[in-house]
Amino acid sequence: MKLGGLIISLAFLAMLAPPAGEQRVEVNFDPTVDFSRFRNYALLESKNPSKMKVCHKTILDTIQVSLALRGLLPVYEGEQPDLLIVYNAGIKEEVSIQGYEYRYSSGLVPHIEQPETLIVDLVDAKNNRLVWRGIATNTLVEDYSKAEKKAETATRKMFARYPPKS
């Protein structure tokens with residue numbers, strides 16, 4: 001009986017686990033932040049952009065469209081943004097905050113990236129704190145025929161969860 005229960009438990013867990021190679025999107029955020037106060041943003045230059053130019057453009061375009069649909073607009077030159085936004089693509093085994101000067105907010109922890117990972121960070125510009133992070137694994141593939149679509153889908157799925165519901 002115990003062996004049968006173990007087999008059933010393992011089979012159930014296997015059904016819950018995403019198949020190898022399947023894209024997975026997660027969002028983390030600081031639950032103490034009032035996201036309704038953010039009205040505009042500035043895109044920071046990625047220190048680790050996608051190696052494929054089409055993916056780089058797709059990620060940036062999807063971020064901007066997603067934010068516009070939620071009422072956030074890019075700042076004009078000389079204007080101070082409420083949010084700073086940056087993405088990083090496919091860094092091997094490095095902490096993703098490396099190279100940026102912002103701090104982690106409560107509830108957000110460093111994430112070790114894998115080669116096909118896309119991370120989008122939203123930073124409260126006033127307090128210089130990371131307040132929201134989208135993480136998509138199995139996204140930045142080398143197959144050119146799939147790369148653009150996977151990047152767009154992952155970015156869109158991230159921003160479907162913005163602003164977060166506490």
# chains A, B, ... in the order shown; residues from 1 in each chain; ligands from 1
>>> residues_around(residues="A:Val25", least_positions_apart="3", cutoff="12 Å", atoms="only C-alpha atoms", output="ChimeraX atom specification")
/A:18,22,28,117-120,133-139,150-151,153-161
>>> write_last_selection(atoms="C-alpha atoms", output="mmCIF file, in the first residue's frame")
data_model
loop_
_atom_site.group_PDB
_atom_site.id
_atom_site.type_symbol
_atom_site.label_atom_id
_atom_site.label_comp_id
_atom_site.auth_asym_id
_atom_site.auth_seq_id
_atom_site.Cartn_x
_atom_site.Cartn_y
_atom_site.Cartn_z
ATOM 1 C CA PRO A 18 6.046 22.199 -16.214
ATOM 2 C CA GLU A 22 8.214 25.100 -21.380
ATOM 3 C CA ASN A 28 7.596 39.267 -7.603
ATOM 4 C CA THR A 117 15.989 33.717 -18.805
ATOM 5 C CA LEU A 118 14.466 37.161 -19.312
ATOM 6 C CA ILE A 119 14.204 39.455 -16.280
ATOM 7 C CA VAL A 120 12.420 42.811 -16.274
ATOM 8 C CA ARG A 133 10.346 41.953 -11.120
ATOM 9 C CA GLY A 134 9.158 39.712 -13.920
ATOM 10 C CA ILE A 135 11.100 36.521 -14.584
ATOM 11 C CA ALA A 136 10.572 34.307 -17.623
ATOM 12 C CA THR A 137 12.518 31.088 -18.061
ATOM 13 C CA ASN A 138 12.935 29.104 -21.276
ATOM 14 C CA THR A 139 12.312 32.272 -23.243
ATOM 15 C CA LYS A 150 8.629 33.675 -27.126
ATOM 16 C CA ALA A 151 10.113 37.035 -26.070
ATOM 17 C CA THR A 153 4.704 36.261 -25.055
ATOM 18 C CA ALA A 154 6.873 36.257 -21.933
ATOM 19 C CA THR A 155 6.960 40.049 -21.676
ATOM 20 C CA ARG A 156 3.213 40.327 -22.234
ATOM 21 C CA LYS A 157 2.530 37.664 -19.561
ATOM 22 C CA MET A 158 4.714 39.534 -17.060
ATOM 23 C CA PHE A 159 2.887 42.799 -17.552
ATOM 24 C CA ALA A 160 -0.505 41.096 -17.377
ATOM 25 C CA ARG A 161 0.357 41.027 -13.651
#
>>> closest_residue(among="A:Ala89, A:Leu72, A:Val131, A:Ala125", to="A:Lys47", atoms="only C-alpha atoms")
A:Ala89
